[in-house]
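Chemist: Okay, handing you the structure first.
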Amino acid sequence: HAPRLGDPDANIASIAVAARTANADILLTPELSVTGYDVRDAAAALALPLDSWPPAFEPLTDAPGMVVTGVIESDGNGLVYNAAIALQQGRVKHVHRKIYLPTYGMFDEMRYFARGRTVEPMAYHGWRVGILVCEDFWHPGLIYTLASAGIDLLLVMAAGAGRGVWEGGSHGDFASTEAWTRIAETTAQQYGMYVALANRVGVEGAVTFAGGSLIVGPTGEVLARGPSHEEAILHATLSRASLLRARRPYFHGRDDEPSIVIRELTRLTQHG
């Protein structure tokens, strides 16, 4: 997906077309797919209140399955968030506010967005699903938290810029794509879960986004991979039998003890 910067109506209409074309149980779109990424001071004007049914989502009322898209959320008290929302029949069913807001390189998100504070899985057709936004995926503690909550599927939306174009990579035109791939493969295998990553394509100003979206199975195998420069819809069939088979040799969640991690983190943060 290559959203138009500052044009929510056009982007939602495009997402609705993609949802009908994909005809999938879940359609995952990239970070800030409703507004475009580089919104800067327009963030507040583009924010949506999600405590009611925004008319902007009306084109998604007849979308099959669940659509997970990226918006700017207003809390009604002057704060706005870079958020992922899960929609069914155009209605908001789940929200994840991005927690880690980058402030390096081209990124200056903390200047415009408030920080999210929680990660919470949702239930969908008997599956437990977690959602993270871009930089969140690079912080293992959030993945561990969702894995400890028993998720089967991790959805990651991103607006990752292409880096290392001269070096390239074995899976795309940018070296940075290799890092995203390794994290997704390792996460899937280590925790015995499916990982779907939707990274945007296109250009905003001087930034070219890297694309390279992918879906990884619970043994770490890549089931589908998208291109670097073109919009594409990736498909994969998720199997609970495959999930359970993968967890027997690899996933150590059955004997993990989160209370030890909580205790030791508390001790370290208290004593420095």
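Every chain in the structure tokens takes a letter, A first, then B, and so on in the order presented; its residues are numbered from 1, and the ligands are numbered from 1 following the presented order.
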Can you pull out the residues contacting Ala210 (chain A)? Cut-off 7 Å, using only C-alpha atoms, and skip same-chain residues under 6 positions away; I want them as a list in words.

Modeler: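 Surrounding residues, per the criterion: Gly160, Ala161, Gly162, Phe174, Thr177, Arg200, Val201 and Ser228 of chain A.
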
Chemist: As an MDAnalysis selection string, please: the residues near Cys134 (chain A) (cut-off 9 Å, only C-alpha atoms, same-chain neighbours under 6 positions excluded).

Modeler: chainID A and resid 30:31 98 100 156:160 199

Chemist: Quick one: of A:Gln270, A:Ser176, A:Thr118, A:Thr187, who's nearest to Phe137 (chain A), counting only C-alpha atoms?

Modeler: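 Of the candidates, the smallest distance to Phe137 (chain A) is held by A:Thr187.
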
Chemist: Which polymer residues have any atom within 7 Å of an atom of region 235-247 of chain A, counting only C-alpha atoms, with same-chain residues fewer than 5 positions away left out, as a PyMOL selection string?

Modeler: chain A and resi 192-193+218-219+223-224

Chemist: I need the helix (DSSP H, G or I) residues of region 65-263 of chain A per DSSP on the backbone, written as a PyMOL selection string.

Modeler: chain A and resi 109-111+134-138+140-148+176-191+240-247+253-255+258-263

Chemist: Name all residues at most 12 Å from region 10-26 of chain A (count only C-alpha atoms; drop same-chain ones fewer than 4 positions away) and give them as a ChimeraX atom specification.

Modeler: /A:1-6,30,32-36,54-71,86-90,124-125,127,129,153-155,196,231-238
